[in-house]
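Printed here is model-v4.cif (mmCIF, C-alpha atoms):
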```cif
data_work
loop_
_atom_site.label_atom_id
_atom_site.label_comp_id
_atom_site.auth_asym_id
_atom_site.auth_seq_id
_atom_site.Cartn_x
_atom_site.Cartn_y
_atom_site.Cartn_z
CA MET A 1 10.41 -20.82 -19.85
CA THR A 2 7.20 -19.53 -18.22
CA MET A 3 7.13 -18.51 -14.58
CA GLY A 4 3.45 -17.54 -14.45
CA THR A 5 2.23 -14.20 -13.20
CA ASP A 6 2.70 -14.52 -9.42
CA PRO A 7 5.46 -11.94 -8.81
CA ALA A 8 6.53 -13.45 -5.47
CA ALA A 9 6.86 -16.94 -6.96
CA THR A 10 8.82 -15.51 -9.88
CA ALA A 11 11.22 -13.71 -7.52
CA VAL A 12 11.87 -16.83 -5.42
CA ALA A 13 12.44 -18.88 -8.57
CA VAL A 14 15.01 -16.32 -9.75
CA VAL A 15 16.93 -16.67 -6.48
CA GLU A 16 16.79 -20.46 -6.68
CA MET A 17 18.13 -20.37 -10.24
CA ALA A 18 20.95 -18.03 -9.18
CA CYS A 19 21.89 -20.41 -6.37
CA LYS A 20 22.15 -23.20 -8.96
CA GLY A 21 24.15 -21.09 -11.42
CA ARG A 22 21.35 -21.04 -14.03
CA PHE A 23 21.93 -17.43 -15.08
CA ALA A 24 21.01 -17.95 -18.74
CA GLU A 25 17.54 -19.06 -17.62
CA ILE A 26 17.19 -15.90 -15.54
CA GLU A 27 18.21 -13.78 -18.53
CA ARG A 28 15.34 -15.29 -20.54
CA LEU A 29 12.96 -13.69 -18.00
CA PHE A 30 14.35 -10.20 -18.65
CA ALA A 31 11.93 -7.73 -20.22
CA PRO A 32 13.52 -5.79 -23.12
CA PRO A 33 14.49 -2.70 -21.04
CA LEU A 34 16.43 -4.83 -18.56
CA ARG A 35 17.98 -6.97 -21.29
CA THR A 36 19.67 -3.86 -22.71
CA LEU A 37 21.40 -3.28 -19.37
CA VAL A 38 22.25 -6.73 -18.01
CA ASP A 39 23.07 -10.15 -19.44
CA ALA A 40 23.65 -13.57 -17.91
CA GLU A 41 27.42 -13.06 -17.69
CA LEU A 42 27.14 -9.74 -15.87
CA LEU A 43 24.54 -11.18 -13.50
CA GLN A 44 26.78 -14.16 -12.75
CA THR A 45 29.71 -11.84 -12.02
CA ALA A 46 27.62 -9.74 -9.60
CA TRP A 47 26.15 -12.80 -7.87
CA THR A 48 29.57 -14.42 -7.46
CA ALA A 49 31.00 -11.21 -6.02
CA GLU A 50 28.18 -10.79 -3.48
CA THR A 51 28.15 -14.40 -2.32
CA GLY A 52 31.93 -14.34 -2.21
CA LYS A 53 31.77 -11.58 0.40
CA ARG A 54 28.90 -13.10 2.35
CA GLY A 55 29.55 -16.83 2.01
CA PRO A 56 27.40 -19.64 0.56
CA VAL A 57 23.61 -19.28 0.60
CA SER A 58 22.06 -21.22 3.48
CA ALA A 59 18.39 -20.18 3.27
CA ILE A 60 15.89 -18.25 1.14
CA GLY A 61 13.36 -16.23 3.15
CA GLU A 62 9.75 -15.22 2.55
CA PRO A 63 9.30 -12.75 -0.32
CA VAL A 64 7.80 -9.32 0.39
CA SER A 65 5.80 -7.66 -2.41
CA GLU A 66 4.96 -4.00 -2.85
CA PRO A 67 3.54 -1.95 -5.74
CA ALA A 68 5.97 -0.06 -7.95
CA GLN A 69 5.41 2.50 -10.66
CA ALA A 70 3.99 1.71 -14.10
CA GLY A 71 2.08 -1.38 -13.02
CA LEU A 72 5.07 -3.30 -11.71
CA VAL A 73 5.28 -5.27 -8.48
CA ARG A 74 8.56 -5.00 -6.58
CA VAL A 75 9.47 -8.16 -4.68
CA SER A 76 12.26 -8.37 -2.09
CA VAL A 77 13.60 -11.82 -1.25
CA PRO A 78 15.83 -12.09 1.83
CA VAL A 79 18.73 -14.48 1.36
CA THR A 80 20.69 -15.83 4.32
CA CYS A 81 24.36 -16.46 3.65
CA GLU A 82 27.05 -17.91 5.88
CA ARG A 83 28.46 -14.55 7.03
CA ALA A 84 25.85 -11.87 6.17
CA GLY A 85 22.47 -11.39 4.59
CA LEU A 86 21.55 -10.33 1.07
CA THR A 87 18.30 -9.09 -0.44
CA VAL A 88 17.40 -9.83 -4.06
CA VAL A 89 15.00 -7.17 -5.36
CA VAL A 90 13.13 -7.66 -8.64
CA ALA A 91 10.40 -5.69 -10.39
CA VAL A 92 7.92 -7.99 -12.14
CA ASP A 93 5.36 -6.96 -14.76
CA HIS A 94 1.92 -8.51 -15.33
CA ASP A 95 3.43 -11.00 -17.81
CA GLY A 96 5.85 -12.31 -15.18
CA MET A 97 8.88 -10.67 -16.83
CA LEU A 98 11.66 -8.93 -14.91
CA ASN A 99 11.98 -5.18 -15.44
CA ASP A 100 14.60 -4.69 -12.74
CA LEU A 101 16.94 -6.91 -10.70
CA ARG A 102 19.18 -5.71 -7.89
CA LEU A 103 21.33 -7.30 -5.20
CA ALA A 104 21.18 -5.25 -2.02
CA ALA A 105 22.34 -5.41 1.55
CA ALA A 106 19.86 -7.20 3.82
CA THR A 107 16.90 -5.06 4.91
CA ALA A 108 16.90 -4.16 8.57
CA PRO A 109 14.10 -5.84 10.52
CA TRP A 110 11.12 -3.74 11.61
CA THR A 111 11.36 -2.48 15.16
CA PRO A 112 8.47 -1.06 17.21
CA PRO A 113 8.12 2.74 17.19
CA PRO A 114 9.05 4.49 20.45
CA TYR A 115 5.40 5.39 21.03
CA ALA A 116 4.19 1.77 20.96
CA ASP A 117 3.97 -0.28 24.15
CA PRO A 118 3.23 -3.92 23.21
CA ALA A 119 2.76 -4.77 26.91
CA THR A 120 -0.54 -2.86 26.90
CA PHE A 121 -2.37 -4.96 24.30
CA ASP A 122 -2.67 -8.48 22.90
CA GLU A 123 -2.74 -9.59 19.27
CA HIS A 124 -4.18 -12.62 17.51
CA ASP A 125 -4.86 -13.65 13.94
CA VAL A 126 -8.38 -13.63 12.52
CA THR A 127 -10.02 -14.55 9.22
CA VAL A 128 -11.67 -11.66 7.40
CA GLY A 129 -14.42 -12.54 4.94
CA ASP A 130 -15.46 -16.02 3.91
CA GLY A 131 -15.31 -18.28 0.91
CA PRO A 132 -12.37 -18.63 -1.48
CA LEU A 133 -11.33 -14.97 -1.15
CA ALA A 134 -11.10 -14.87 2.66
CA VAL A 135 -7.92 -13.25 4.00
CA THR A 136 -5.99 -13.27 7.27
CA GLY A 137 -5.78 -10.28 9.59
CA THR A 138 -4.47 -9.25 12.98
CA MET A 139 -6.67 -8.08 15.86
CA SER A 140 -4.96 -5.78 18.39
CA LEU A 141 -6.98 -5.59 21.61
CA PRO A 142 -5.94 -3.30 24.49
CA HIS A 143 -5.93 -4.70 28.00
CA GLY A 144 -8.83 -3.71 30.24
CA PRO A 145 -12.59 -4.11 30.08
CA GLY A 146 -13.65 -1.28 27.76
CA PRO A 147 -15.97 -0.23 26.23
CA ARG A 148 -13.53 1.19 23.71
CA ALA A 149 -13.47 2.54 20.18
CA GLY A 150 -12.30 0.29 17.37
CA VAL A 151 -10.82 1.04 13.96
CA VAL A 152 -10.35 -1.00 10.78
CA LEU A 153 -7.22 -0.09 8.77
CA LEU A 154 -7.19 -0.01 4.95
CA SER A 155 -3.89 0.23 3.06
CA GLY A 156 -3.17 2.02 -0.19
CA GLY A 157 -3.31 0.86 -3.80
CA GLY A 158 -1.38 -2.30 -4.63
CA PRO A 159 -1.10 -5.83 -3.22
CA PHE A 160 -0.18 -4.84 0.34
CA ASP A 161 -0.06 -7.10 3.35
CA ARG A 162 -1.78 -6.13 6.62
CA ASP A 163 1.18 -4.01 7.73
CA ALA A 164 1.54 -2.15 4.39
CA THR A 165 5.09 -3.52 4.38
CA SER A 166 7.44 -1.48 2.20
CA GLY A 167 11.06 -2.52 2.55
CA ALA A 168 12.05 -2.10 6.21
CA ASN A 169 8.92 -0.11 7.05
CA LYS A 170 5.44 -1.15 8.16
CA PRO A 171 3.32 2.01 8.47
CA LEU A 172 0.04 0.23 9.23
CA LYS A 173 1.74 -1.79 11.96
CA ASP A 174 3.07 1.48 13.40
CA LEU A 175 -0.49 2.80 13.46
CA ALA A 176 -1.97 -0.39 14.88
CA TRP A 177 0.55 -0.65 17.71
CA GLY A 178 0.46 3.07 18.44
CA LEU A 179 -3.35 3.16 18.59
CA ALA A 180 -3.73 -0.10 20.52
CA GLY A 181 -1.33 1.24 23.14
CA ARG A 182 -3.65 4.22 23.49
CA GLY A 183 -6.74 2.13 24.16
CA VAL A 184 -8.14 1.68 20.64
CA ALA A 185 -8.95 -1.81 19.30
CA VAL A 186 -7.47 -2.23 15.82
CA LEU A 187 -8.04 -4.71 12.98
CA ARG A 188 -5.76 -4.78 9.97
CA PHE A 189 -5.73 -7.44 7.25
CA ASP A 190 -3.92 -8.60 4.12
CA LYS A 191 -5.49 -7.28 0.94
CA VAL A 192 -7.23 -9.76 -1.33
CA THR A 193 -4.78 -8.74 -4.08
CA HIS A 194 -1.93 -9.79 -1.78
CA THR A 195 -3.36 -13.16 -0.70
CA HIS A 196 -5.24 -14.17 -3.85
CA SER A 197 -3.42 -12.33 -6.63
CA GLY A 198 -3.85 -15.16 -9.13
CA GLN A 199 -7.58 -15.55 -8.56
CA VAL A 200 -8.13 -11.80 -8.71
CA ALA A 201 -6.15 -11.48 -11.94
CA ASN A 202 -8.45 -14.06 -13.53
CA THR A 203 -11.67 -12.45 -12.26
CA ALA A 204 -13.38 -10.61 -15.09
CA GLY A 205 -14.65 -7.18 -14.16
CA PHE A 206 -12.64 -6.90 -10.92
CA THR A 207 -12.84 -3.32 -9.58
CA MET A 208 -11.57 -1.09 -6.79
CA THR A 209 -14.87 -1.69 -5.01
CA ASP A 210 -14.28 -5.46 -5.17
CA GLU A 211 -10.71 -4.97 -3.92
CA TYR A 212 -11.72 -3.09 -0.77
CA VAL A 213 -15.39 -2.99 0.19
CA PRO A 214 -16.36 -6.64 0.92
CA HIS A 215 -13.38 -7.28 3.22
CA ALA A 216 -13.62 -3.86 4.87
CA VAL A 217 -17.30 -4.45 5.69
CA ALA A 218 -16.51 -7.95 7.00
CA ALA A 219 -13.74 -6.47 9.15
CA VAL A 220 -16.11 -3.88 10.62
CA HIS A 221 -18.59 -6.64 11.53
CA LEU A 222 -15.82 -8.71 13.12
CA LEU A 223 -14.43 -5.83 15.14
CA ARG A 224 -17.88 -4.83 16.41
CA GLN A 225 -18.26 -8.34 17.87
CA GLN A 226 -15.06 -8.24 19.95
CA PRO A 227 -15.38 -8.18 23.75
CA GLY A 228 -14.79 -4.70 25.11
CA VAL A 229 -15.38 -2.98 21.77
CA ASP A 230 -18.25 -0.50 21.63
CA PRO A 231 -20.18 -1.58 18.50
CA ALA A 232 -21.41 1.98 18.05
CA ARG A 233 -17.84 3.31 17.87
CA VAL A 234 -16.10 1.28 15.15
CA PHE A 235 -14.39 3.52 12.60
CA VAL A 236 -12.61 2.98 9.27
CA LEU A 237 -9.14 4.43 8.67
CA GLY A 238 -7.87 4.41 5.10
CA HIS A 239 -4.49 5.46 3.74
CA SER A 240 -4.05 6.70 0.16
CA MET A 241 -6.40 4.64 -2.04
CA GLY A 242 -7.75 3.15 1.19
CA GLY A 243 -8.67 6.70 2.19
CA LYS A 244 -10.21 7.39 -1.19
CA VAL A 245 -12.44 4.30 -0.92
CA ALA A 246 -13.29 4.75 2.79
CA PRO A 247 -16.45 6.82 2.09
CA ARG A 248 -17.70 4.02 -0.16
CA VAL A 249 -17.15 1.52 2.67
CA ALA A 250 -19.16 3.72 5.05
CA ALA A 251 -21.90 4.10 2.44
CA ALA A 252 -22.08 0.31 2.14
CA GLU A 253 -21.99 -0.33 5.91
CA PRO A 254 -24.21 2.02 7.97
CA SER A 255 -22.72 0.86 11.29
CA VAL A 256 -19.40 2.62 10.52
CA ALA A 257 -19.15 5.36 13.16
CA GLY A 258 -16.89 7.68 11.17
CA LEU A 259 -13.83 7.91 8.93
CA VAL A 260 -10.13 8.72 9.26
CA ILE A 261 -8.74 9.58 5.82
CA MET A 262 -4.94 9.73 5.54
CA ALA A 263 -3.56 11.10 2.26
CA GLY A 264 -6.76 10.18 0.47
CA ASP A 265 -6.60 11.20 -3.18
CA THR A 266 -9.41 13.16 -4.80
CA GLN A 267 -7.73 14.09 -8.10
CA PRO A 268 -8.65 11.54 -10.79
CA MET A 269 -5.93 8.90 -10.58
CA HIS A 270 -5.07 8.96 -14.28
CA GLN A 271 -4.31 12.68 -13.95
CA ALA A 272 -2.32 12.12 -10.76
CA ALA A 273 -0.23 9.41 -12.46
CA VAL A 274 0.98 11.87 -15.09
CA ARG A 275 1.69 14.54 -12.48
CA VAL A 276 3.68 12.12 -10.30
CA VAL A 277 5.73 10.62 -13.13
CA ARG A 278 6.66 14.12 -14.32
CA TYR A 279 7.75 14.99 -10.78
CA LEU A 280 9.93 11.87 -10.64
CA ALA A 281 11.33 12.57 -14.12
CA ALA A 282 12.46 16.00 -12.96
CA LEU A 283 14.39 14.36 -10.12
CA ASP A 284 16.22 11.97 -12.46
CA PRO A 285 16.02 13.25 -16.05
CA GLY A 286 17.14 11.25 -19.05
CA PRO A 287 15.90 9.54 -22.23
CA ALA A 288 14.70 6.37 -20.47
CA VAL A 289 12.67 8.39 -17.97
CA GLU A 290 11.18 10.53 -20.73
CA ALA A 291 10.05 7.34 -22.47
CA VAL A 292 8.24 6.30 -19.29
CA VAL A 293 6.58 9.74 -19.06
CA GLU A 294 5.40 9.40 -22.66
CA THR A 295 3.99 5.92 -22.04
CA ILE A 296 2.19 6.95 -18.83
CA THR A 297 0.76 10.02 -20.57
CA GLN A 298 -0.58 7.92 -23.46
CA GLN A 299 -2.09 5.34 -21.09
CA ALA A 300 -3.70 8.08 -19.00
CA ALA A 301 -5.26 9.58 -22.12
CA THR A 302 -6.76 6.18 -22.96
CA VAL A 303 -8.16 5.88 -19.43
CA ALA A 304 -9.71 9.36 -19.68
CA GLY A 305 -10.97 8.97 -23.22
CA PRO A 306 -14.59 8.47 -24.29
CA ASP A 307 -13.80 5.11 -25.90
CA LEU A 308 -12.78 3.34 -22.67
CA SER A 309 -14.90 0.19 -22.41
CA PRO A 310 -14.67 -3.24 -20.75
CA SER A 311 -13.04 -4.53 -23.93
CA THR A 312 -10.17 -2.01 -23.92
CA PRO A 313 -6.91 -4.05 -23.72
CA THR A 314 -5.26 -3.94 -20.30
CA GLU A 315 -1.83 -3.29 -21.82
CA ALA A 316 -3.11 0.06 -23.12
CA LEU A 317 -4.02 1.19 -19.59
CA LEU A 318 -2.16 2.47 -16.54
CA PHE A 319 -0.55 0.20 -13.92
CA GLY A 320 -1.70 -2.99 -15.68
CA TRP A 321 -5.18 -2.51 -14.21
CA PRO A 322 -8.04 -3.74 -16.45
CA ALA A 323 -10.64 -1.48 -18.04
CA ALA A 324 -13.36 -2.51 -15.55
CA TYR A 325 -11.15 -1.29 -12.70
CA TRP A 326 -10.62 2.06 -14.39
CA LEU A 327 -14.29 2.47 -15.28
CA ASP A 328 -15.25 1.97 -11.62
CA LEU A 329 -12.48 4.31 -10.44
CA ARG A 330 -13.32 6.96 -13.03
CA GLY A 331 -16.96 6.91 -12.04
CA TYR A 332 -16.32 7.26 -8.30
CA ASP A 333 -16.31 10.67 -6.61
CA PRO A 334 -14.94 10.23 -3.07
CA VAL A 335 -15.80 13.78 -2.00
CA ALA A 336 -19.41 13.56 -3.15
CA THR A 337 -19.74 10.16 -1.47
CA ALA A 338 -18.27 11.56 1.77
CA THR A 339 -20.48 14.64 1.63
CA ALA A 340 -23.59 12.44 1.53
CA LEU A 341 -22.54 10.68 4.75
CA ASP A 342 -23.80 11.90 8.09
CA LYS A 343 -20.65 10.75 9.87
CA PRO A 344 -17.70 12.53 11.52
CA MET A 345 -14.41 12.53 9.63
CA PHE A 346 -10.76 13.27 10.35
CA ILE A 347 -8.80 14.08 7.20
CA LEU A 348 -4.98 14.13 7.45
CA GLN A 349 -2.48 15.24 4.81
CA GLY A 350 1.31 15.32 4.65
CA GLY A 351 2.65 18.69 3.57
CA ARG A 352 5.60 17.11 1.72
CA ASP A 353 3.57 14.40 -0.04
CA TYR A 354 4.19 14.43 -3.80
CA GLN A 355 1.85 11.51 -4.56
CA VAL A 356 -1.25 12.93 -2.89
CA THR A 357 -0.86 16.67 -2.47
CA VAL A 358 -2.34 19.60 -0.59
CA ALA A 359 -3.03 21.46 -3.83
CA ASP A 360 -4.35 18.61 -5.97
CA ASP A 361 -6.13 16.37 -3.46
CA LEU A 362 -6.70 17.94 -0.06
CA SER A 363 -8.31 20.87 -1.84
CA GLY A 364 -11.09 18.49 -2.94
CA TRP A 365 -11.87 17.40 0.61
CA GLU A 366 -11.75 21.02 1.77
CA ALA A 367 -14.14 22.19 -0.95
CA GLY A 368 -16.71 19.55 -0.07
CA LEU A 369 -16.35 19.18 3.70
CA ALA A 370 -14.50 22.08 5.35
CA HIS A 371 -17.77 23.78 6.27
CA ARG A 372 -18.93 20.85 8.38
CA PRO A 373 -18.35 21.06 12.15
CA ASP A 374 -18.01 17.26 12.39
CA VAL A 375 -15.08 17.22 9.93
CA THR A 376 -11.51 17.92 11.10
CA ILE A 377 -8.85 18.62 8.45
CA ARG A 378 -5.19 18.80 9.43
CA VAL A 379 -1.92 19.18 7.48
CA TYR A 380 1.35 17.79 8.90
CA ALA A 381 3.85 20.06 7.21
CA ASP A 382 6.95 17.85 7.58
CA ASP A 383 5.35 14.53 6.59
CA ASN A 384 5.52 12.64 3.29
CA HIS A 385 2.98 10.22 1.79
CA LEU A 386 3.53 7.60 4.50
CA PHE A 387 3.43 10.29 7.20
CA PHE A 388 7.14 9.86 7.84
CA PRO A 389 8.62 13.21 8.95
CA GLY A 390 11.43 14.73 6.90
CA ALA A 391 12.82 17.89 5.34
CA GLY A 392 13.13 19.26 1.82
CA PRO A 393 11.44 17.95 -1.31
CA SER A 394 10.21 14.37 -0.90
CA THR A 395 11.82 11.66 -3.06
CA PRO A 396 11.33 7.89 -3.43
CA ALA A 397 14.71 7.29 -1.77
CA GLU A 398 13.56 8.74 1.54
CA TYR A 399 11.17 5.81 2.04
CA GLU A 400 14.01 3.29 2.16
CA PRO A 401 15.62 3.80 5.61
CA PRO A 402 13.81 2.25 8.61
CA GLN A 403 11.48 4.85 10.13
CA HIS A 404 8.04 5.27 11.69
CA VAL A 405 4.79 7.14 11.27
CA ASP A 406 4.89 10.60 12.83
CA PRO A 407 4.08 10.30 16.57
CA ALA A 408 1.94 13.45 16.37
CA VAL A 409 -0.23 11.75 13.74
CA VAL A 410 -0.75 8.66 15.92
CA ALA A 411 -1.52 10.77 19.00
CA ASP A 412 -4.00 12.96 17.10
CA ILE A 413 -5.84 9.98 15.61
CA ALA A 414 -6.06 8.28 19.00
CA GLU A 415 -7.42 11.45 20.57
CA TRP A 416 -10.01 11.84 17.80
CA LEU A 417 -11.13 8.21 18.09
CA THR A 418 -11.44 7.99 21.87
CA PRO A 419 -14.58 8.98 23.78
CA GLU A 420 -12.69 11.68 25.66
CA ARG A 421 -12.65 13.88 22.58
CA GLY A 422 -16.41 14.37 22.85
CA LYS A 423 -16.17 15.29 26.53
CA THR A 424 -13.46 17.89 26.02
CA ALA A 425 -14.70 19.37 22.75
#
```

Will you turn the file into structure tokens for me?
Amino acid sequence: MTMGTDPAATAVAVVEMACKGRFAEIERLFAPPLRTLVDAELLQTAWTAETGKRGPVSAIGEPVSEPAQAGLVRVSVPVTCERAGLTVVVAVDHDGMLNDLRLAAATAPWTPPPYADPATFDEHDVTVGDGPLAVTGTMSLPHGPGPRAGVVLLSGGGPFDRDATSGANKPLKDLAWGLAGRGVAVLRFDKVTHTHSGQVANTAGFTMTDEYVPHAVAAVHLLRQQPGVDPARVFVLGHSMGGKVAPRVAAAEPSVAGLVIMAGDTQPMHQAAVRVVRYLAALDPGPAVEAVVETITQQAATVAGPDLSPSTPTEALLFGWPAAYWLDLRGYDPVATATALDKPMFILQGGRDYQVTVADDLSGWEAGLAHRPDVTIRVYADDNHLFFPGAGPSTPAEYEPPQHVDPAVVADIAEWLTPERGKTA
């Protein structure tokens, strides 16, 4: 049975098969690592137990996709039952096979952060870009005549939606609502890899530049045209890989007024992948984890090696990204690109971030830009990669509970973006 390579469609099909009792068909979608842990009988037992507690399934909700480690896409499918909800979570590889399958309690719905006041702005959907790869976005426009600053939001690596939805959390929506309530016009949009994953997967030579720059430039143009927005004060804010690529967006679009870079990585990503997987392995040691470390290390060496070419097989490379993507990424120096820009920048870093770190990544921005008076660099000691405040060493588990972007981060960005900062500097 072939499900294709759309992870969301695969996840929904798995839920539909479970509802119909077709557990043997689900088992045939198991990748070898999962097959050693679970079989059709065990899955049927777990499904029967969960639906027994919650009642018969009455509806299957919209799937939510997010990137996971080692090139997997994690998809959460909300399932409505008679008495309580259930979430089916699967991790799908680039061949459409299941590497993980879990039945979890229903994810809590997103709620606005305390610092957001939706009564102070309006939102409407817009189309970003044109042609077959156009995507949908959300424009958040504060009440009042303006003129006001505007900012385009770019999410991190992976097929994120406009809110950077990750389980119960929506960090880009936090930012958009927090900034719009402080008088900044905001445009955020679904990534092309989220909306057109199939087309992108079949596009030869697709790169990080292709993933971000055309839509980011189109979004800047669209935001500059909005009533009340000062076209000379439209900025780009990028998080993680979005922050890494933000200087390239500004280089491609001269009208960009400046950059906000949140947890933007400067360490080569193939090196960072090995560092991060070793950090995670130390949190949960064991033979299976060590095998993942070995695989990631081998794939990173292939990415870094002199023989990497457009014909290098994708399965030999990190995250399931093709060779063209890695060649573009490997050849891009975000700090050098930023240094060549005559634009103000605000660079933010979480002190507890293990994915993009003060030592390995912020140090790059500091080395290239700290001497410039138009560049502000700030570390938020308690924040992790998503700028969620916390304590102690950061772990993947801390991202799961519903939470919001640090209010100090939102306030500082708003202050930096608004015209008042120039008057009080």

Within 6 Å of Leu153 in chain A using all atoms listed in the file, minus same-chain residues under 3 positions, as a ChimeraX atom specification: /A:188,237-238

Counting only C-alpha atoms, the option among A:Ala397, A:Leu318, A:Ala367, A:Ala408 closest to Asp382 in chain A: A:Ala408

May I have a table of the residues of range 240-292 of chain A lying at most 12 Å from range 154-162 of chain A, giving each one's closest pair of atoms and their distance in Å to one decimal, counting only C-alpha atoms, ordered by chain and ascending residue number, as a tab-separated table?
```
residue	atom	partner	partner_atom	distance
A:Ser240	CA	A:Gly156	CA	4.8
A:Met241	CA	A:Gly156	CA	4.6
A:Gly242	CA	A:Gly156	CA	4.9
A:Gly243	CA	A:Leu154	CA	7.4
A:Lys244	CA	A:Gly156	CA	8.9
A:Val245	CA	A:Leu154	CA	9.0
A:Ala246	CA	A:Leu154	CA	8.0
A:Pro247	CA	A:Leu154	CA	11.9
A:Val249	CA	A:Leu154	CA	10.3
A:Leu259	CA	A:Leu154	CA	11.1
A:Val260	CA	A:Leu154	CA	10.2
A:Ile261	CA	A:Leu154	CA	9.8
A:Met262	CA	A:Gly156	CA	9.8
A:Ala263	CA	A:Gly156	CA	9.4
A:Gly264	CA	A:Gly156	CA	8.9
A:Asp265	CA	A:Gly156	CA	10.2
A:Met269	CA	A:Gly157	CA	10.8
```

Keeping only C-alpha atoms, write the selected residues as a compact mmCIF listing (two decimals), keeping the file's coordinate frame.
```
# COMPACT_ATOMS: atom_id res chain seq x y z
CA SER A 240 -4.05 6.70 0.16
CA MET A 241 -6.40 4.64 -2.04
CA GLY A 242 -7.75 3.15 1.19
CA GLY A 243 -8.67 6.70 2.19
CA LYS A 244 -10.21 7.39 -1.19
CA VAL A 245 -12.44 4.30 -0.92
CA ALA A 246 -13.29 4.75 2.79
CA PRO A 247 -16.45 6.82 2.09
CA VAL A 249 -17.15 1.52 2.67
CA LEU A 259 -13.83 7.91 8.93
CA VAL A 260 -10.13 8.72 9.26
CA ILE A 261 -8.74 9.58 5.82
CA MET A 262 -4.94 9.73 5.54
CA ALA A 263 -3.56 11.10 2.26
CA GLY A 264 -6.76 10.18 0.47
CA ASP A 265 -6.60 11.20 -3.18
CA MET A 269 -5.93 8.90 -10.58
```

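The protein and nucleic acid residues lying at most 7 Å from His124 in chain A are Thr138, Met139 and Ser140 of chain A, with all atoms listed in the file considered and sequence neighbours fewer than 3 positions away removed.
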
Using only C-alpha atoms, what does the table of range 117-200 of chain A residues within 10 Å of range 224-228 of chain A look like, with each row giving the shortest atom pair and its distance in Å to one decimal, sorted by chain and ascending number, as JSON lines?
```
{"residue": "A:Met139", "atom": "CA", "partner": "A:Gln226", "partner_atom": "CA", "distance": 9.3}
{"residue": "A:Leu141", "atom": "CA", "partner": "A:Gly228", "partner_atom": "CA", "distance": 8.6}
{"residue": "A:Pro142", "atom": "CA", "partner": "A:Gly228", "partner_atom": "CA", "distance": 9.0}
{"residue": "A:His143", "atom": "CA", "partner": "A:Gly228", "partner_atom": "CA", "distance": 9.3}
{"residue": "A:Gly144", "atom": "CA", "partner": "A:Gly228", "partner_atom": "CA", "distance": 7.9}
{"residue": "A:Pro145", "atom": "CA", "partner": "A:Gly228", "partner_atom": "CA", "distance": 5.5}
{"residue": "A:Gly146", "atom": "CA", "partner": "A:Gly228", "partner_atom": "CA", "distance": 4.5}
{"residue": "A:Pro147", "atom": "CA", "partner": "A:Gly228", "partner_atom": "CA", "distance": 4.8}
{"residue": "A:Arg148", "atom": "CA", "partner": "A:Gly228", "partner_atom": "CA", "distance": 6.2}
{"residue": "A:Ala149", "atom": "CA", "partner": "A:Gly228", "partner_atom": "CA", "distance": 8.9}
{"residue": "A:Gly150", "atom": "CA", "partner": "A:Arg224", "partner_atom": "CA", "distance": 7.6}
{"residue": "A:Val151", "atom": "CA", "partner": "A:Arg224", "partner_atom": "CA", "distance": 9.5}
{"residue": "A:Ala185", "atom": "CA", "partner": "A:Gly228", "partner_atom": "CA", "distance": 8.7}
```

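In this comparison, which uses only C-alpha atoms, the residue of A:Asp174, A:Gly258, A:Ser311, A:Trp416 approaching Phe387 in chain A most closely is A:Asp174.
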
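Between CA of Val186 in chain A and CA of Glu62 in chain A the interatomic distance comes to 25.3 Å.
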
Centre, edges in Å (one decimal): axis-aligned box, range 91-98 of chain A, 4 Å padding on all six sides, as AutoDock Vina command-line options:
```
--center_x 6.8 --center_y -9.0 --center_z -14.1 --size_x 17.7 --size_y 14.6 --size_z 15.4
```

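With all atoms listed in the file as the basis for measurement, A:Val92 is the residue among A:Leu172, A:Val128, A:Val92, A:Ala257 that approaches Leu34 in chain A most closely.
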
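CA of Asp374 in chain A to CA of Met345 in chain A spans 6.6 Å [interatomic distance, one decimal].
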
Answer key for the PyMOL selection byres ((chain A and resi 131-133) around 12), residues as a VMD selection string: chain A and resid 127 to 130 134 to 136 190 to 200 203 210 to 212 214 to 215 218

Straight-line distance linking CA of Val73 in chain A with CA of Ala91 in chain A, stated in Å to one decimal: 5.5 Å

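Of the residues under consideration (A:His371, A:Arg22, A:His94, A:Arg248), A:His94 shows the shortest atom-to-atom contact distance to Phe319 in chain A when counting all atoms listed in the file.
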
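Of the residues under consideration (A:Ser394, A:Gln349, A:Ser309, A:Thr111), A:Thr111 shows the shortest atom-to-atom contact distance to Pro171 in chain A when counting all atoms listed in the file.
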
Explicit residue set for the PyMOL selection byres ((chain A and resi 16) around 12), as a PyMOL selection string: chain A and resi 9-15+17-23+25-26+57-61+77-79+88

Using all atoms listed in the file, which residues sit within 9 Å of Ala119 in chain A once same-chain residues fewer than 3 positions away are excluded, as a compact mmCIF listing (two decimals) with C-alpha atoms, in the coordinates of the input?
```txt
# COMPACT_ATOMS: atom_id res chain seq x y z
CA ALA A 116 4.19 1.77 20.96
CA ASP A 122 -2.67 -8.48 22.90
CA HIS A 143 -5.93 -4.70 28.00
CA GLY A 181 -1.33 1.24 23.14
```

The PyMOL selection byres ((chain A and resi 277) around 12) applied to the shown file, residues as a PyMOL selection string: chain A and resi 68-70+270-276+278-285+289-297+300+318+354-355+395-396

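Within a radius of 12 Å around (23.0, -7.8, -18.5), the polymer residues are Phe23, Ala24, Ile26, Glu27, Arg28, Leu29, Phe30, Ala31, Pro32, Pro33, Leu34, Arg35, Thr36, Leu37, Val38, Asp39, Ala40, Glu41, Leu42, Leu43, Gln44, Thr45, Ala46, Leu98, Asn99, Asp100, Leu101 and Arg102 of chain A, counting only C-alpha atoms.
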